[in-house]
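What follows is my_file-v6.csv (CSV, C-alpha atoms and all ligand atoms).
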chain,number,residue,atom,x,y,z
A,1,MET,CA,-32.4,-2.8,-28.7
A,2,ASP,CA,-33.3,0.8,-29.5
A,3,ILE,CA,-35.5,2.5,-26.9
A,4,THR,CA,-37.1,5.9,-27.8
A,5,LEU,CA,-38.7,7.8,-25.0
A,6,THR,CA,-40.9,10.9,-25.3
A,7,LYS,CA,-40.8,13.6,-22.7
A,8,SER,CA,-44.4,13.0,-21.8
A,9,GLN,CA,-43.6,9.3,-21.1
A,10,ILE,CA,-40.8,10.4,-18.7
A,11,GLN,CA,-43.1,12.9,-17.1
A,12,GLN,CA,-45.7,10.3,-16.6
A,13,ALA,CA,-43.2,7.8,-15.2
A,14,VAL,CA,-42.0,10.3,-12.6
A,15,GLN,CA,-45.6,11.2,-11.6
A,16,ASP,CA,-46.5,7.5,-11.4
A,17,ALA,CA,-43.4,6.7,-9.3
A,18,TYR,CA,-44.3,9.5,-7.0
A,19,ASN,CA,-47.8,8.3,-6.5
A,20,GLU,CA,-46.6,4.7,-6.0
A,21,CYS,CA,-43.9,5.6,-3.4
A,22,LYS,CA,-45.4,8.5,-1.5
A,23,ASP,CA,-47.0,6.4,1.2
A,24,ILE,CA,-44.0,4.0,1.7
A,25,LYS,CA,-43.3,3.8,5.4
A,26,GLY,CA,-40.1,2.6,7.0
A,27,GLY,CA,-36.7,4.0,7.8
A,28,ALA,CA,-36.0,6.9,10.1
A,29,ASN,CA,-34.4,10.4,9.8
A,30,ALA,CA,-30.7,10.5,10.6
A,31,ASN,CA,-30.5,11.0,14.3
A,32,TYR,CA,-26.8,11.5,14.9
A,33,ILE,CA,-27.0,15.0,13.5
A,34,PRO,CA,-29.7,16.8,15.6
A,35,TYR,CA,-30.8,19.1,12.8
A,36,LEU,CA,-31.6,16.2,10.5
A,37,ALA,CA,-33.6,14.4,13.1
A,38,ASN,CA,-36.1,17.2,13.2
A,39,ILE,CA,-36.9,17.5,9.4
A,40,ASP,CA,-40.4,16.7,8.4
A,41,SER,CA,-40.3,13.0,7.5
A,42,ASN,CA,-43.1,13.3,4.9
A,43,LEU,CA,-41.2,15.5,2.5
A,44,PHE,CA,-40.8,13.8,-0.8
A,45,GLY,CA,-39.8,14.9,-4.3
A,46,ILE,CA,-38.5,13.5,-7.6
A,47,SER,CA,-36.7,15.5,-10.3
A,48,VAL,CA,-35.4,14.4,-13.7
A,49,THR,CA,-33.1,16.5,-15.9
A,50,LEU,CA,-32.9,15.6,-19.6
A,51,LEU,CA,-30.0,16.5,-21.7
A,52,ASP,CA,-31.8,19.2,-23.7
A,53,GLY,CA,-32.2,21.1,-20.4
A,54,THR,CA,-35.8,20.0,-19.6
A,55,VAL,CA,-36.4,19.6,-15.9
A,56,ILE,CA,-39.3,17.4,-14.7
A,57,ASN,CA,-40.3,18.0,-11.0
A,58,VAL,CA,-42.9,16.2,-8.9
A,59,GLY,CA,-43.4,16.8,-5.2
A,60,ASP,CA,-41.3,18.8,-2.8
A,61,THR,CA,-38.6,19.5,-5.3
A,62,GLU,CA,-37.8,23.1,-4.2
A,63,TYR,CA,-37.3,22.2,-0.5
A,64,LYS,CA,-33.7,22.8,0.6
A,65,PHE,CA,-32.4,19.8,2.5
A,66,GLY,CA,-28.8,18.9,3.7
A,67,ILE,CA,-26.8,17.7,0.7
A,68,GLU,CA,-24.6,15.7,3.1
A,69,SER,CA,-22.7,12.9,1.3
A,70,VAL,CA,-24.0,13.7,-2.1
A,71,SER,CA,-21.6,16.6,-1.9
A,72,LYS,CA,-18.7,14.1,-2.0
A,73,VAL,CA,-19.5,13.6,-5.7
A,74,LEU,CA,-19.3,17.3,-6.5
A,75,THR,CA,-16.0,17.9,-4.7
A,76,ALA,CA,-14.6,14.7,-6.2
A,77,ILE,CA,-15.3,16.4,-9.6
A,78,LEU,CA,-13.5,19.5,-8.4
A,79,VAL,CA,-10.3,17.7,-7.4
A,80,LEU,CA,-10.6,15.6,-10.6
A,81,LYS,CA,-10.7,18.9,-12.5
A,82,GLN,CA,-7.8,20.4,-10.5
A,83,TYR,CA,-5.5,17.4,-10.4
A,84,GLY,CA,-6.7,14.9,-13.1
A,85,ALA,CA,-7.8,11.3,-12.8
A,86,GLN,CA,-4.4,9.7,-12.1
A,87,ALA,CA,-3.6,11.9,-9.2
A,88,VAL,CA,-7.0,11.3,-7.6
A,89,LEU,CA,-6.4,7.5,-7.9
A,90,GLU,CA,-3.0,7.8,-6.3
A,91,LYS,CA,-3.8,10.3,-3.5
A,92,ILE,CA,-7.3,8.9,-2.6
A,93,GLY,CA,-8.2,5.8,-4.6
A,94,ALA,CA,-11.2,4.5,-6.5
A,95,ASP,CA,-12.1,1.3,-4.6
A,96,ALA,CA,-15.3,0.4,-2.8
A,97,THR,CA,-14.8,-0.2,0.9
A,98,GLY,CA,-17.8,-2.5,1.4
A,99,LEU,CA,-18.2,-0.8,4.8
A,100,PRO,CA,-20.3,2.0,6.3
A,101,PHE,CA,-19.6,5.6,5.1
A,102,ASN,CA,-17.9,6.6,8.4
A,103,SER,CA,-15.8,3.5,8.8
A,104,ILE,CA,-12.4,3.9,10.6
A,105,PHE,CA,-11.8,0.2,10.1
A,106,ALA,CA,-11.8,0.7,6.3
A,107,ILE,CA,-8.9,3.1,6.6
A,108,LEU,CA,-6.9,0.5,8.5
A,109,LEU,CA,-7.9,-2.4,6.2
A,110,GLU,CA,-6.9,-0.5,3.1
A,111,ASN,CA,-3.4,-0.1,4.3
A,112,ASP,CA,-3.8,3.5,5.2
A,113,HIS,CA,-5.6,4.5,2.0
A,114,PRO,CA,-8.8,6.4,2.0
A,115,SER,CA,-10.2,4.1,-0.8
A,116,THR,CA,-12.5,6.5,-2.6
A,117,PRO,CA,-13.6,10.2,-2.4
A,118,LEU,CA,-17.2,9.0,-1.9
A,119,VAL,CA,-16.8,7.9,1.8
A,120,ASN,CA,-16.1,10.2,4.7
A,121,ALA,CA,-12.3,9.5,4.8
A,122,GLY,CA,-11.7,10.1,1.1
A,123,ALA,CA,-14.0,13.1,1.0
A,124,ILE,CA,-12.0,14.7,3.9
A,125,THR,CA,-8.8,14.0,1.9
A,126,ALA,CA,-10.5,15.5,-1.2
A,127,CYS,CA,-11.2,18.7,0.8
A,128,SER,CA,-7.6,18.8,1.8
A,129,MET,CA,-6.5,18.6,-1.8
A,130,VAL,CA,-8.8,21.5,-3.1
A,131,ALA,CA,-6.6,24.4,-4.4
A,132,PRO,CA,-5.6,27.0,-3.4
A,133,LYS,CA,-3.6,25.2,-0.7
A,134,GLY,CA,-3.6,26.8,2.7
A,135,ASP,CA,-6.3,29.3,1.9
A,136,SER,CA,-9.5,28.3,3.7
A,137,TRP,CA,-11.6,31.0,2.1
A,138,GLY,CA,-10.3,30.4,-1.4
A,139,LYS,CA,-10.9,26.6,-1.0
A,140,TRP,CA,-14.4,27.2,0.1
A,141,GLU,CA,-15.1,29.6,-2.8
A,142,ALA,CA,-13.8,26.8,-5.1
A,143,ILE,CA,-16.1,24.2,-3.5
A,144,ILE,CA,-19.3,26.4,-3.4
A,145,ASN,CA,-18.7,27.8,-6.9
A,146,ASN,CA,-18.3,24.3,-8.3
A,147,ILE,CA,-21.6,23.2,-6.6
A,148,ALA,CA,-23.3,26.2,-8.3
A,149,SER,CA,-21.9,25.4,-11.7
A,150,LEU,CA,-22.8,21.7,-11.5
A,151,CYS,CA,-26.3,22.4,-10.2
A,152,GLY,CA,-27.0,25.4,-12.5
A,153,SER,CA,-27.8,27.7,-9.6
A,154,PRO,CA,-26.2,28.9,-6.3
A,155,ALA,CA,-26.4,27.1,-3.0
A,156,GLN,CA,-25.8,28.2,0.5
A,157,VAL,CA,-24.8,26.5,3.8
A,158,ILE,CA,-27.7,25.9,6.2
A,159,ASP,CA,-26.1,27.6,9.3
A,160,GLU,CA,-28.1,25.5,11.8
A,161,LEU,CA,-27.1,22.3,10.1
A,162,TYR,CA,-23.4,23.3,10.0
A,163,LYS,CA,-23.5,24.1,13.7
A,164,SER,CA,-25.2,20.9,14.5
A,165,GLU,CA,-22.7,18.8,12.5
A,166,SER,CA,-19.7,20.7,13.8
A,167,GLU,CA,-20.8,20.1,17.4
A,168,THR,CA,-21.2,16.3,16.9
A,169,ASN,CA,-18.6,15.2,14.3
A,170,PHE,CA,-16.3,13.4,16.7
A,171,ASN,CA,-16.0,10.3,14.5
A,172,ASN,CA,-15.0,12.4,11.5
A,173,ARG,CA,-12.4,14.2,13.7
A,174,SER,CA,-10.9,10.7,14.4
A,175,ILE,CA,-10.9,9.9,10.7
A,176,ALA,CA,-9.2,13.2,9.8
A,177,TRP,CA,-6.4,12.7,12.4
A,178,LEU,CA,-5.9,9.0,11.5
A,179,LEU,CA,-5.5,10.1,7.8
A,180,LYS,CA,-3.0,12.7,8.9
A,181,ASN,CA,-1.1,10.0,10.7
A,182,TYR,CA,-0.9,8.2,7.3
A,183,ASN,CA,0.1,11.3,5.4
A,184,ARG,CA,-3.2,11.3,3.5
A,185,ILE,CA,-4.2,14.9,4.5
A,186,TYR,CA,-2.6,17.3,2.1
A,187,ASP,CA,-3.4,20.6,3.9
A,188,ASP,CA,-4.2,21.7,7.5
A,189,VAL,CA,-6.2,18.9,9.2
A,190,ASP,CA,-8.8,21.1,11.0
A,191,MET,CA,-9.3,23.2,7.9
A,192,SER,CA,-9.9,20.2,5.7
A,193,LEU,CA,-12.3,18.7,8.2
A,194,ASP,CA,-14.2,22.0,8.5
A,195,LEU,CA,-14.5,22.3,4.7
A,196,TYR,CA,-15.9,18.8,4.6
A,197,THR,CA,-18.4,19.6,7.4
A,198,ARG,CA,-19.4,22.8,5.7
A,199,GLN,CA,-19.9,21.2,2.3
A,200,CYS,CA,-22.1,18.5,3.9
A,201,SER,CA,-24.3,21.3,5.4
A,202,VAL,CA,-25.1,23.0,2.1
A,203,GLY,CA,-28.9,23.2,1.4
A,204,ILE,CA,-29.8,21.8,-1.9
A,205,THR,CA,-33.1,20.9,-3.7
A,206,SER,CA,-33.8,17.7,-5.7
A,207,HIS,CA,-34.3,20.0,-8.7
A,208,GLN,CA,-30.7,21.2,-8.3
A,209,LEU,CA,-29.3,17.7,-7.7
A,210,SER,CA,-31.0,16.4,-10.8
A,211,VAL,CA,-29.3,19.2,-12.9
A,212,CYS,CA,-26.0,18.1,-11.4
A,213,ALA,CA,-26.7,14.5,-12.3
A,214,GLY,CA,-27.7,15.7,-15.8
A,215,THR,CA,-24.4,17.5,-16.1
A,216,ILE,CA,-22.5,14.3,-15.3
A,217,ALA,CA,-24.8,12.3,-17.7
A,218,ASN,CA,-24.1,15.0,-20.3
A,219,GLY,CA,-20.3,14.6,-20.2
A,220,GLY,CA,-19.6,17.7,-18.1
A,221,VAL,CA,-21.8,20.3,-20.0
A,222,ASN,CA,-24.6,21.6,-17.8
A,223,PRO,CA,-27.8,20.9,-19.8
A,224,VAL,CA,-29.6,23.9,-18.4
A,225,THR,CA,-26.9,26.6,-18.4
A,226,LYS,CA,-24.8,25.0,-21.2
A,227,GLU,CA,-21.7,25.8,-19.1
A,228,ASN,CA,-18.9,23.3,-19.8
A,229,VAL,CA,-18.2,22.5,-16.1
A,230,PHE,CA,-15.7,19.7,-16.6
A,231,GLU,CA,-13.8,17.7,-19.2
A,232,ARG,CA,-15.8,15.0,-20.9
A,233,GLU,CA,-13.1,12.3,-20.1
A,234,LEU,CA,-13.8,12.8,-16.4
A,235,ALA,CA,-17.5,11.8,-16.6
A,236,PRO,CA,-16.9,8.1,-16.8
A,237,LYS,CA,-14.4,8.4,-13.9
A,238,ILE,CA,-17.0,10.0,-11.6
A,239,THR,CA,-19.8,7.6,-12.8
A,240,THR,CA,-17.4,4.7,-11.9
A,241,LEU,CA,-16.9,6.0,-8.4
A,242,ILE,CA,-20.6,6.4,-7.9
A,243,SER,CA,-21.4,2.9,-9.2
A,244,SER,CA,-18.8,1.3,-7.0
A,245,VAL,CA,-19.6,2.9,-3.7
A,246,GLY,CA,-22.6,5.2,-4.0
A,247,PHE,CA,-24.7,3.3,-1.4
A,248,TYR,CA,-21.7,2.1,0.7
A,249,GLN,CA,-22.1,-1.5,1.9
A,250,ASN,CA,-25.3,-1.8,-0.1
A,251,THR,CA,-24.0,-0.7,-3.4
A,252,GLY,CA,-23.8,-4.1,-5.1
A,253,ASP,CA,-27.4,-4.8,-4.2
A,254,TRP,CA,-28.4,-1.3,-5.4
A,255,MET,CA,-26.7,-1.7,-8.8
A,256,TYR,CA,-28.2,-5.2,-9.2
A,257,THR,CA,-31.7,-4.1,-8.5
A,258,SER,CA,-31.9,-0.6,-9.8
A,259,GLY,CA,-29.9,-0.4,-13.1
A,260,ILE,CA,-28.5,3.1,-12.4
A,261,PRO,CA,-25.4,4.4,-10.6
A,262,ALA,CA,-26.5,6.6,-7.7
A,263,LYS,CA,-25.2,8.4,-4.6
A,264,SER,CA,-27.0,9.0,-1.4
A,265,GLY,CA,-26.7,11.4,1.5
A,266,VAL,CA,-28.0,11.2,5.1
A,267,GLY,CA,-30.1,14.3,4.4
A,268,GLY,CA,-32.4,12.0,2.4
A,269,GLY,CA,-31.1,12.9,-1.1
A,270,VAL,CA,-30.2,10.5,-3.9
A,271,LEU,CA,-28.5,11.5,-7.2
A,272,GLY,CA,-28.6,9.1,-10.1
A,273,VAL,CA,-26.7,9.3,-13.4
A,274,TYR,CA,-27.8,7.6,-16.6
A,275,PRO,CA,-24.9,8.5,-18.9
A,276,GLY,CA,-26.0,10.0,-22.2
A,277,VAL,CA,-29.7,10.0,-21.2
A,278,MET,CA,-30.6,11.8,-18.0
A,279,GLY,CA,-29.9,12.8,-14.4
A,280,ILE,CA,-32.4,11.9,-11.7
A,281,ALA,CA,-32.7,13.0,-8.1
A,282,ALA,CA,-35.1,12.1,-5.3
A,283,PHE,CA,-35.4,13.3,-1.7
A,284,ALA,CA,-37.2,11.9,1.4
A,285,PRO,CA,-35.6,12.0,4.9
A,286,PRO,CA,-36.2,8.5,6.4
A,287,LEU,CA,-33.1,6.3,5.9
A,288,ASP,CA,-32.4,2.6,6.0
A,289,GLY,CA,-29.7,1.1,8.2
A,290,ALA,CA,-26.9,2.0,5.7
A,291,GLY,CA,-28.0,5.7,5.7
A,292,ASN,CA,-29.7,5.6,2.3
A,293,SER,CA,-33.2,7.2,1.9
A,294,VAL,CA,-35.9,4.4,1.8
A,295,LYS,CA,-38.4,6.4,-0.4
A,296,ALA,CA,-35.8,8.0,-2.6
A,297,GLN,CA,-34.3,4.6,-3.5
A,298,ALA,CA,-37.8,3.2,-4.2
A,299,ALA,CA,-38.6,6.3,-6.4
A,300,VAL,CA,-35.5,6.1,-8.5
A,301,LYS,CA,-35.9,2.3,-9.0
A,302,SER,CA,-39.6,2.8,-9.9
A,303,VAL,CA,-38.8,5.4,-12.6
A,304,MET,CA,-36.1,3.2,-14.1
A,305,LYS,CA,-38.5,0.2,-14.1
A,306,LYS,CA,-41.4,2.1,-15.6
A,307,LEU,CA,-39.2,3.4,-18.4
A,308,GLY,CA,-37.6,-0.1,-19.0
A,309,LEU,CA,-34.1,1.4,-18.4
A,310,GLY,CA,-30.9,-0.1,-17.0
A,311,VAL,CA,-27.4,1.1,-17.8
A,312,PHE,CA,-26.2,-2.5,-18.2
A,313,ASN,CA,-29.1,-3.6,-20.4
A,314,GLY,CA,-27.2,-2.8,-23.6
A,315,ASP,CA,-30.0,-0.7,-25.1
A,316,CYS,CA,-29.5,2.4,-27.2
A,317,VAL,CA,-31.7,5.0,-25.5
A,318,LYS,CA,-32.9,8.2,-27.1
A,319,VAL,CA,-35.2,10.9,-25.8
A,320,GLU,CA,-37.3,12.7,-28.4
A,321,SER,CA,-37.4,16.4,-27.9
B,1,LIG,N1,-22.0,14.7,7.1
B,1,LIG,C1,-22.3,13.3,7.2
B,1,LIG,C2,-21.2,12.6,8.0
B,1,LIG,O1,-20.1,13.0,7.8
B,1,LIG,C3,-22.5,12.8,5.9
B,1,LIG,C4,-22.7,11.3,5.9
B,1,LIG,C5,-23.6,10.8,4.8
B,1,LIG,O2,-24.4,11.5,4.2
B,1,LIG,N2,-23.6,9.5,4.5
B,1,LIG,O3,-21.5,11.7,8.7

Turn the structure described in the file into structure tokens.
Ligand code: GLN
Amino acid sequence: MDITLTKSQIQQAVQDAYNECKDIKGGANANYIPYLANIDSNLFGISVTLLDGTVINVGDTEYKFGIESVSKVLTAILVLKQYGAQAVLEKIGADATGLPFNSIFAILLENDHPSTPLVNAGAITACSMVAPKGDSWGKWEAIINNIASLCGSPAQVIDELYKSESETNFNNRSIAWLLKNYNRIYDDVDMSLDLYTRQCSVGITSHQLSVCAGTIANGGVNPVTKENVFERELAPKITTLISSVGFYQNTGDWMYTSGIPAKSGVGGGVLGVYPGVMGIAAFAPPLDGAGNSVKAQAAVKSVMKKLGLGVFNGDCVKVES
């Protein structure tokens, strides 16, 4: 079926989804990172970026929250750019774990393989791969500049969040050293873990995340800045990773009920990619048991439903400009 949407229909759907979801209760802020536990639980925003560069924002869309695990998508793109799809498959993997994001068990089960760059283990490995090897500052520059290019505007670390995470990341330290044991850390271990912790502590807005999602949906060309951030052939690779593990052990249920590949972070952000059509992001701090924002999930699902969209529906979707 052909579906033609107007911008005002999309604007209306985002506004309606916001109204419908804003009073949803349930979930709790991440409490294992002290900074996140203290964020206002009522913050809520939805942003959509269309491929002509239009950004639709409703709610707290300029609030800078911790990007957390959504950053895994952006750094996966960086290592895909630097090494290519085959090397990422060999050095990290592209499989779902079916287990929580911070699982040590998953590393053991997968025969020492980090599985995917979108869980903690694979993301720490991805940070270890970022070029230039051995140069902590150069690697960080590559990571933060890549975030700015994908999001269409610069982002900075929230110092208090970085401190909070660094002081409490004992599980991630275990993951990093276990991976080192299996020769899956390709640079200094402490440096790789620190880069991962720092990228998770970057402050980002739902507006920026929707532009990043729009860049992936647009085959690597940022729809707002028009910068060609990555090769078109990498877009389906990154969307595949997102659709297989974006919500960890809940990913299958998410894909089954939402119709859009999406990735969450414990800061409350969700980034969704509808290839060839739009990027969407939502943000609200309270999380479900798998660490996915309750309200942001509801909001993205609601927008998809109101627009009658689903990536597996087989429809040809156009947005009138
Ligand atoms: N920095 C967090 C961690 O490593 C990110 C987890 C997440 O967002 N799911 O635990």

Enumerate as an mmCIF file with C-alpha atoms, in the frame of the given file the residues within 7 Å of ligand LIG 1 (chain B), counting only C-alpha atoms and all ligand atoms.
data_model
loop_
_atom_site.group_PDB
_atom_site.id
_atom_site.type_symbol
_atom_site.label_atom_id
_atom_site.label_comp_id
_atom_site.auth_asym_id
_atom_site.auth_seq_id
_atom_site.Cartn_x
_atom_site.Cartn_y
_atom_site.Cartn_z
ATOM 1 C CA GLU A 68 -24.600 15.700 3.100
ATOM 2 C CA SER A 69 -22.700 12.900 1.300
ATOM 3 C CA VAL A 70 -24.000 13.700 -2.100
ATOM 4 C CA PHE A 101 -19.600 5.600 5.100
ATOM 5 C CA ASN A 102 -17.900 6.600 8.400
ATOM 6 C CA ASN A 120 -16.100 10.200 4.700
ATOM 7 C CA GLU A 165 -22.700 18.800 12.500
ATOM 8 C CA ASN A 172 -15.000 12.400 11.500
ATOM 9 C CA THR A 197 -18.400 19.600 7.400
ATOM 10 C CA CYS A 200 -22.100 18.500 3.900
ATOM 11 C CA SER A 264 -27.000 9.000 -1.400
ATOM 12 C CA GLY A 265 -26.700 11.400 1.500
ATOM 13 C CA VAL A 266 -28.000 11.200 5.100
ATOM 14 C CA GLY A 267 -30.100 14.300 4.400
ATOM 15 C CA GLY A 291 -28.000 5.700 5.700
#

Query raised in the report: Using only C-alpha atoms, which of the listed residues (A:Asn222, A:Thr251, A:Thr97, A:Ser192) sits closest to Met129 (chain A)?
Result: A:Ser192

Requested in this report: Figure out the distance between CA of Gly308 (chain A) and CA of Ile46 (chain A), please, to one decimal in Å.
Outcome: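 So the answer is 17.8 Å.
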
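Each of A:Gly310, A:Pro34, A:Gly268, A:Pro132 was checked against Glu167 (chain A) using all atoms listed in the file; the smallest atom-to-atom distance is that of A:Pro34.
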
Query raised in the report: So which one's closest to Leu118 (chain A), A:Thr240, A:Gly246, A:Asn228, A:Ala28? Using only C-alpha atoms, please.
Result: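 The closest residue to Leu118 (chain A) is A:Gly246.
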
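CA of Gly138 (chain A) is positioned 28.2 Å from CA of Leu36 (chain A).
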
Report task. Quick one: everything within 8 Å of Gly98 (chain A), counting all atoms listed in the file, minus sequence neighbours fewer than 6 positions away in the same chain. Send it as a count of residues only. Result -> 4

Query raised in the report: Just how far from CA of Leu74 (chain A) is CA of Gly219 (chain A), in Å to one decimal?
Result: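 A separation of 14.0 Å between them.
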
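Take the candidates A:Lys180, A:Thr168, A:Gly203, A:Gly272 and check each one against Tyr32 (chain A) using only C-alpha atoms; the shortest distance goes to A:Thr168.
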
Report task. Mind checking which residues fall within 7 Å of region 37-42 of chain A, counting all atoms listed in the file, ignoring those fewer than 6 positions away in the same chain, and posting them as a list in words? Result -> Asn29, Ala30, Asn31, Ala284, Pro285 and Pro286 of chain A

**Report entry** Proximity to Ile144 (chain A) - best of A:Ser71, A:Ser103, A:Gln208, A:Gln86, all atoms listed in the file
**Finding:**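 Using all atoms listed in the file, the shortest distance to Ile144 (chain A) belongs to A:Ser71.
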
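Proximity ranking of A:Ser164, A:Asn183, A:Thr239, A:Gln297 relative to Asn218 (chain A) places A:Thr239 first, based on all atoms listed in the file.
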
Requested in this report: Quick one: everything within 7 Å of Val294 (chain A), counting all atoms listed in the file, minus sequence neighbours fewer than 5 positions away in the same chain. Send it as a ChimeraX atom specification.
Outcome: /A:26-27,286-288

Let me know the centre plus edge lengths, in Å and rounded to one decimal, of a box with edges along x, y and z that contains all listed atoms of region 28-36 of chain A and is padded by 8 Å on every side, as JSON.
{"center_x": -31.4, "center_y": 13.0, "center_z": 12.7, "size_x": 25.2, "size_y": 28.2, "size_z": 21.8}

Spatial neighbours of Glu320 (chain A), 8 Å, all atoms listed in the file, chain gap at least 2 places, as a PDB file with C-alpha atoms, in the coordinates of the input:
ATOM      1  CA  THR A   4     -37.100   5.900 -27.800  1.00  0.00           C
ATOM      2  CA  LEU A   5     -38.700   7.800 -25.000  1.00  0.00           C
ATOM      3  CA  THR A   6     -40.900  10.900 -25.300  1.00  0.00           C
ATOM      4  CA  LYS A   7     -40.800  13.600 -22.700  1.00  0.00           C
ATOM      5  CA  LYS A 318     -32.900   8.200 -27.100  1.00  0.00           C
TER       6      LYS A 318
END

Query raised in the report: Hey, what's within 10 Å of Ala13 (chain A) if we count all atoms listed in the file and toss same-chain stuff fewer than 3 positions away? As an NGL selection string, please?
Result: :A and (7-10 or 16-19 or 302-307)
